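Heads up: the structure comes next, in structure tokens.
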Number of protein chains: 2
Amino acid sequence: MKFYQTWQARAIRPTGPSSWFSAAVPGNIQYDYSQYMGWGNINYADTAEKFRETEGYMWEYRTTLQYDSIPGYQAVFVSEGIDYRFDILIDDRIVLEHEGMFSKVEVTLDDCAGCELLVRIHPHPKSPKAKFEDRDQAAECVKPPVSYGWDWHPRLLVSGLWQETYIELRSHDHISRCEPFYELNDDFSRADIHFETDCPVPVQIELYDPDGLLIGSGDHFVIENPRLWWCNGQGKPELYTYTAHTEGDSVSGHIGLRSVKLVMNEGAWKKPSFFPKGRSTAPIQLELNGRRVFAKGSNWVNPDIFNGHIDEFRYEILITLARDAHMNIFRCWGGSGINKKSFYDICDRMGIMVWVEFPLACNNYDGTTHYLEVLEQESSAILRALRSHPSVVMYCGGNELFNSWSLMTDQSLPLRLLNKLCYELDRDRPFLMTSPVYGMGHGGYTFYDPDTGKDVFSLFQSSCCTAYTEFGVPGITDLENLKKIIPEEELFPIQPGGSWTLHHAFGAWGEKRWLCMDVLERYAQESLDSLEKTIALASWLQCEGYKAVFEEARRQSPYCSMAVNWCYCEPWITAAGNSLITYPLQPKPAYYAVQSALRPVLASARIPKFDWKAGECFHAELWLLNDSPETVSEIIHASIRIGNTEYPLLTWETGTVSSNTNRIGPTLNWVLPHLNVTQFTLCLSTNTAASSEYTLCFRSDKPHEETRQLNV
Amino acid sequence: MKFYQTWQARAIRPTGPSSWFSAAVPGNIQYDYSQYMGWGNINYADTAEKFRETEGYMWEYRTTLQYDSIPGYQAVFVSEGIDYRFDILIDDRIVLEHEGMFSKVEVTLDDCAGCELLVRIHPHPKSPKAKFEDRDQAAECVKPPVSYGWDWHPRLLVSGLWQETYIELRSHDHISRCEPFYELNDDFSRADIHFETDCPVPVQIELYDPDGLLIGSGDHFVIENPRLWWCNGQGKPELYTYTAHTEGDSVSGHIGLRSVKLVMNEGAWKKPSFFPKGRSTAPIQLELNGRRVFAKGSNWVNPDIFNGHIDEFRYEILITLARDAHMNIFRCWGGSGINKKSFYDICDRMGIMVWVEFPLACNNYDGTTHYLEVLEQESSAILRALRSHPSVVMYCGGNELFNSWSLMTDQSLPLRLLNKLCYELDRDRPFLMTSPVYGMGHGGYTFYDPDTGKDVFSLFQSSCCTAYTEFGVPGITDLENLKKIIPEEELFPIQPGGSWTLHHAFGAWGEKRWLCMDVLERYAQESLDSLEKTIALASWLQCEGYKAVFEEARRQSPYCSMAVNWCYCEPWITAAGNSLITYPLQPKPAYYAVQSALRPVLASARIPKFDWKAGECFHAELWLLNDSPETVSEIIHASIRIGNTEYPLLTWETGTVSSNTNRIGPTLNWVLPHLNVTQFTLCLSTNTAASSEYTLCFRSDKPHEETRQLNV
């Protein structure tokens with residue numbers, strides 16, 4: 001029995017406390033305060049800047065405790081999470097002091113109906129060692145660093161009662177824990193399920209199969225030929241369910257039976273072959289139920305600046321979009337922290353594998369005693385909360401910790417602690433210290449790199465990673481959304497400063513990010529004299545760029561086992577960036593390009609570069625990519641379309657291609673005609689859903705001299 | 001009060017038990033049995049083969065317990081270690097069952113004087129999954145795998161009461177533990193020492209400074225400006241001492257105050273610089289008391305097949321030799337297991353840093369519940385025994401586990417368990433999962449590699465590792481020692497089969513190891529028609545090869561931070577191999593070459609290759625290497641000596657070179673004259689101890705055509 005309270009809040013400012021204002025729970029107090037102050041839509045113009053003044057504030061939530069006292073029942077104040085350091089007071093007496101937003105908080109209430117409960121939230125921790133007013137300041141706390149500012153996230157430090165918060169009446173036979181564990185035998189023909197419960201009386205447990213049919217009751221079950229949980233595209237994400245009850249209480253949940261391992265990528269043991277000999281790469285090939293699966297998906301970041309505002313509804317839409325784009329994995333980036341429970345429930349249900357990162361990113365987290373203590377407490381809470389989710393396939397210490405901008409190493413005590421805790425609490429799930437580890441790659445993040453002269457096509461074709469766990473191609477947000485964030489007078493011409501900069505189009509990461517006007521100008525064959533033209537060009541590059549990388553990573557399978565772009569969603573409307581979804585829920589054209597590139601069975605072309613000239617010999621290697629668990633065969637007709645003319649080139653009968661296997665086909669060679677166009681399209685047509693098209697840049701005839709040189 | 005017993009032993013063979021024979025304790029029962037059987041010297045000819053028949057035997061040790069019963073004292077049977085799985089019986093009643101040779105064993109004795117104590121040792125564990133009769137069989141036990149056979153170690157499975165074993169009378173106020181811990185502040189100006197004791201009464205502790213002067217008594221000491229423990233070459237290995245006593249008992253020990261870290265190698269954060277970007281290398285730069293130290297030393301392997309026979313005396317000689325060769329580190333290779341306590345005491349005293357590996361090597365150690373349990377018990381015992389030694393500077397999971405011949409990965413549960421245990425019991429000491437990790441290199445192991453056409457000079461000059469933690473150049477054992485192991489009639493001509501093969505000259509690792517006749521023939525400029533000539537040639541290559549690698553690794557400092565050759569000692573007399581010491585205690589010529597190459601201040605030449613031709617332009621880069629904590633300067637005269645003629649080339653005044661820093665000097669260029677000789681010597685002469693000489697291969701004039709080509 002749960003009772004939800006009404007909450008008020010106020011800011012304790014240097015100039016004195018604000019009045020009490022109404023506060024949403026779950027929510028974030030900075031948002032409520034902005035409404036109280038009348039700051040308006042934070043997505044618009046420079047509204048987000050106003051929040052800077054709130055950083056040093058203390059905050060208070062208050063409620064008058066209202067619940068029914070029922071004899072034999074214990075009332076408990078419960079919050080699933082409070083961000084970040086806080087005290088709880090009842091009638092001015094401190095009853096709890098706590099640091100950490102991922103631990104469930106409980107306060108036993110005795111005769112407290114009508115009392116005032118106050119949650120006092122301390123100012124955000126800021127490491128005194130930080131050199132800059134940025135994520136550096138998060139290096140001594142277990143708060144996700146993204147709020148301190150990132151190249152795609154404004155600095156906006158949030159806190160508050162971000163998770164569900166209520167008063168619970170608990171019977172004497174309350175079930176405080178009912179947790180399933182299982183073992184699968186080596187050939188997956190048998191599952192042993194047992195339950196651990198914390199309850200003063202015996203708990204009755206019923207287990208149901210994925211169709212809802214009762215299997216039996218008890219606390220230990222043996223299932224012959226269990227129905228396994230599979231990720232999207234490889235089978236059904238089968239879920240068994242259970243209910244556990246005592247006379248006065250009941251809980252329920254689900255179980256997905258699967259084994260998951262990180263095994264060596266195929267071919268990786270062969271390297272290194274020379275002396276002095278180093279280690280072989282670290283394994284990053286996911287093996288699900290004994291089957292090597294190509295992991296394809298996206299980096300999940302917090303889909304809202306205000307983590308308290310995210311609800312099951314939003315998760316459901318976002319995860320459904322991922323499933324429909326044939327994704328099977330989210331890397332939940334450590335900088336954004338841990339999601340609410342419903343996220344993992346939905347991933348369980350939709351077969352989306354989840355790579356969970358602890359809330360560390362791009363910092364040198366200290367091994368101080370205090371930090372290690374809070375990290376141990378918070379990580380243990382996270383592990384206990386997540387370990388029953390079949391979708392959770394691996395843990396990771398955090399993002400890019402073994403790189404020069406973080407300066408952590410294999411010796412760093414926080415990471416050694418995380419490895420230890422994962423071993424103790426959930427040893428059968430893989431654990432990575434960070435991403436990337438040896439063999440993996442992060443980046444690039446642009447369509448064209450002037451330093452190397454490589455576009456995204458050639459960059460990835462010359463790379464050889466076991467996994468591409470971050471890569472991005474930026475685009476500009478559509479006009480309708482731009483108008484929501486950029487005042488009319490600033491919209492065009494596009495220039496640094498003001499809203500374009502605040503919304504990450506300039507100076508986000510390097511001067512030219514994320515709009516990359518220099519790259520757009522490189523490929524523009526007419527003047528970029530309107531916003532519409534500029535958006536269309538950026539969108540074209542983003543779509544073709546993402547297709548190029550995802551398909552190349554798939555072609556590099558089985559040595560390469562994973563492709564996860566940066567990034568999936570965004571926490572507010574960015575003017576330009578690498579995400580596939582515009583805040584809050586709108587797929588970009590790039591989303592559909594990725595959806596196309598991730599189709600399980602796909603005719604694919606390895607095109608060495610994006611930019612072609614009239615008279616040049618175009619070439620492309622044909623492939624049939626098969627990520628499906630089926631054997632397939634295709635007849636692929638390759639042609640080039642220029643304007644309205646289609647030039648047929650060849651037909652390739654692939655023959656039968658086994659499940660989760662690719663096949664290389666012939667290479668096309670064709671001299672591009674001398675036409676005055678700016679694009680041409682390579683078409684790979686099949687009679688099935690495997691057809692592909694690639695629209696590439698065409699440079700029409702140049703003065704005679706130059707054309708002749710190109711044809712040498 | 002300790003009472004040592006007299007022991008008898010017997011073999012329980014398939015044909016029935018042997019008679020009881022006298023057994024040495026500490027010792028190995030297989031050795032005692034061989035003496036009883038009259039097998040003779042195991043180093044000679046094929047004697048070692050005879051031990052194969054003993055592999056399946058059970059063994060029994062027996063003694064009649066003799067000790068004084070003193071009122072108020074408890075008698076305890078103690079063995080510091082019994083190899084490997086055993087039961088202890090008193091008058092036929094089992095009182096203890098145990099697996100693992102690194103745990104101390106204790107059995108309380110009540111009224112047992114005159115009783116028979118029997119230790120029954122089970123046959124050696126052999127993994128049923130092993131494909132071959134070799135180290136594979138050790139993959140499910142915590143017994144060092146070397147006894148199962150290695151390329152430089154005969155297969156000879158030992159067991160028994162290998163550590164000190166006695167009856168101890170313990171007073172009621174027996175001190176069962178007195179362990180010092182300390183913290184050093186960041187600038188090393190203050191040490192806080194405290195003691196943890198296990199004793200039913202208060203323990204009185206006195207602390208003395210390194211000169212033996214009493215500092216005070218208590219259980220917590222603050223020392224201002226403490227005298228730090230330094231490794232050999234960087235300062236004194238200062239040791240504080242303590243005594244702890246109760247009325248009836250006392251113990252004593254020493255403390256070396258130092259901090260040790262593994263930090264990133266200088267320059268390593270700059271890489272990788274390209275996208276997709278992987279991690280930076282793993283740190284392997286030892287930082288001792290805040291000072292980056294170039295670690296130079298050797299791989300320590302078991303110095304005797306019979307681990308029970310090794311005593312403090314032998315350790316003392318071997319470690320003194322290492323110290324005198326300017327070494328500051330031993331990598332104690334995991335395949336050989338953990339040494340006896342006196343080893344670490346001597347290293348503490350001599351300033352030799354110790355890299356401790358847990359007993360795993362070159363196998364895929366299973367994550368079975370049983371293995372993990374024994375590993376946890378044994379590793380915990382090892383950690384508790386070693387963590388008070390200042391010489392122990394790091395732990396490592398084992399040897400070459402992340403390579404294709406082992407197939408373990410970062411995900412392997414045994415290694416994750418070791419990380420956890422090291423974190424829990426000794427978190428401030430660095431922990432590596434294995435060697436090599438990313439950035440480090442193992443190998444090569446020959447003077448010349450026909451596959452790449454590179455000799456050891458050019459191989460290492462084209463390598464760029466953070467640490468070279470195994471590399472070797474083989475040589476042949478001297479004639480006197482060869483005669484101890486190879487019957488007269490087999491000595492010459494050298495050929496595969498018989499004693500040469502049994503003693504690792506052929507087929508040890510690949511067909512041609514370790515004698516490498518093909519390499520010797522490559523450099524022989526006269527017929528190898530005598531054993532003496534062959535030995536001399538091999539010795540020359542070994543000496544110049546080891547100098548070349550050690551000096552090159554030093555020149556690659558600070559990016560490279562460690563050079564540790566394979567290997568230091570050997571467990572019996574090998575006919576050919578990479579060690580610097582011939583069994584048991586005789587330095588090879590290569591030992592002196594390494595000693596020369598490791599002098600703290602050294603004039604050094606980067607010579608691109610070993611093999612030069614008349615008329616060719618010889619070149620070599622001059623360096624001054626300074627591993628000392630002093631600022632130095634040298635005047636170096638470079639000359640080439642051919643026969644009795646010395647050709648002066650240049651003089652380089654280095655200027656002042658800071659502590660622990662190298663300086664590059666000029667490059668010599670000199671056309672080699674047309675002389676009919678086979679060697680020439682580059683001499684770098686100083687007025688100090690820094691002078692060096694390199695004796696290189698000279699090919700005299702070839703037919704005119706070829707000489708002209710070389711001079712193009």
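Within each chain, counting starts at residue 1; across the structure tokens, chains are named A, B, ... in the order shown, with ligands numbered 1 upward in that order.
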Please report as an MDAnalysis selection string which residues of chain B come no farther than 6 Å from chain A, using only C-alpha atoms. chainID B and resid 269 275:280 402:404 420 436:438 440:444
For Phe181 (chain A), work out the shell of residues within 7 Å, counting only C-alpha atoms and skipping chain neighbours fewer than 5 positions away, then give it as an mmCIF file with N, CA and C atoms, in the first residue's frame.
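Now in selection-v4.cif:
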```cif
data_model
loop_
_atom_site.group_PDB
_atom_site.id
_atom_site.type_symbol
_atom_site.label_atom_id
_atom_site.label_comp_id
_atom_site.auth_asym_id
_atom_site.auth_seq_id
_atom_site.Cartn_x
_atom_site.Cartn_y
_atom_site.Cartn_z
ATOM 1 N N ILE A 193 16.476 -22.777 -11.703
ATOM 2 C CA ILE A 193 16.122 -21.460 -11.188
ATOM 3 C C ILE A 193 15.909 -21.571 -9.691
ATOM 4 N N HIS A 194 16.517 -20.680 -8.948
ATOM 5 C CA HIS A 194 16.161 -20.618 -7.530
ATOM 6 C C HIS A 194 15.973 -19.173 -7.122
ATOM 7 N N PHE A 195 15.290 -19.004 -6.017
ATOM 8 C CA PHE A 195 14.981 -17.657 -5.548
ATOM 9 C C PHE A 195 15.619 -17.429 -4.194
#
```
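Distance annotation: of B:Ala75, B:Ala24, B:Val293, B:Leu65, the residue with the minimal separation from Leu161 (chain B) is B:Ala24; atom set is only C-alpha atoms.
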Which polymer residues have any atom within 7 Å of an atom of His245 (chain B), counting only C-alpha atoms, with same-chain residues fewer than 6 positions away left out, as a ChimeraX atom specification? /B:203-205,251
Output file for the residues above (C-alpha atoms, as a PDB file, in the first residue's frame):
```
ATOM      1  CA  VAL B 203      51.878  -6.947  23.035  1.00  0.00           C
ATOM      2  CA  GLN B 204      54.826  -4.685  23.748  1.00  0.00           C
ATOM      3  CA  ILE B 205      56.437  -3.403  20.557  1.00  0.00           C
ATOM      4  CA  VAL B 251      58.761 -11.984  17.413  1.00  0.00           C
TER       5      VAL B 251
END
```
Please provide as a list in words all residues within 8 Å of Trp355 (chain A), with the sequence filter that same-chain residues fewer than 4 positions apart are discarded (counting only C-alpha atoms). Ile329, Phe330, Arg331, Cys332, Val392, Val393, Met394, Tyr395 and Cys396 of chain A
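Distances from B:Gly398, B:Asn676, B:Glu196, B:Ile338 to Ile382 (chain B) were compared using only C-alpha atoms, and the smallest one belongs to B:Ile338.
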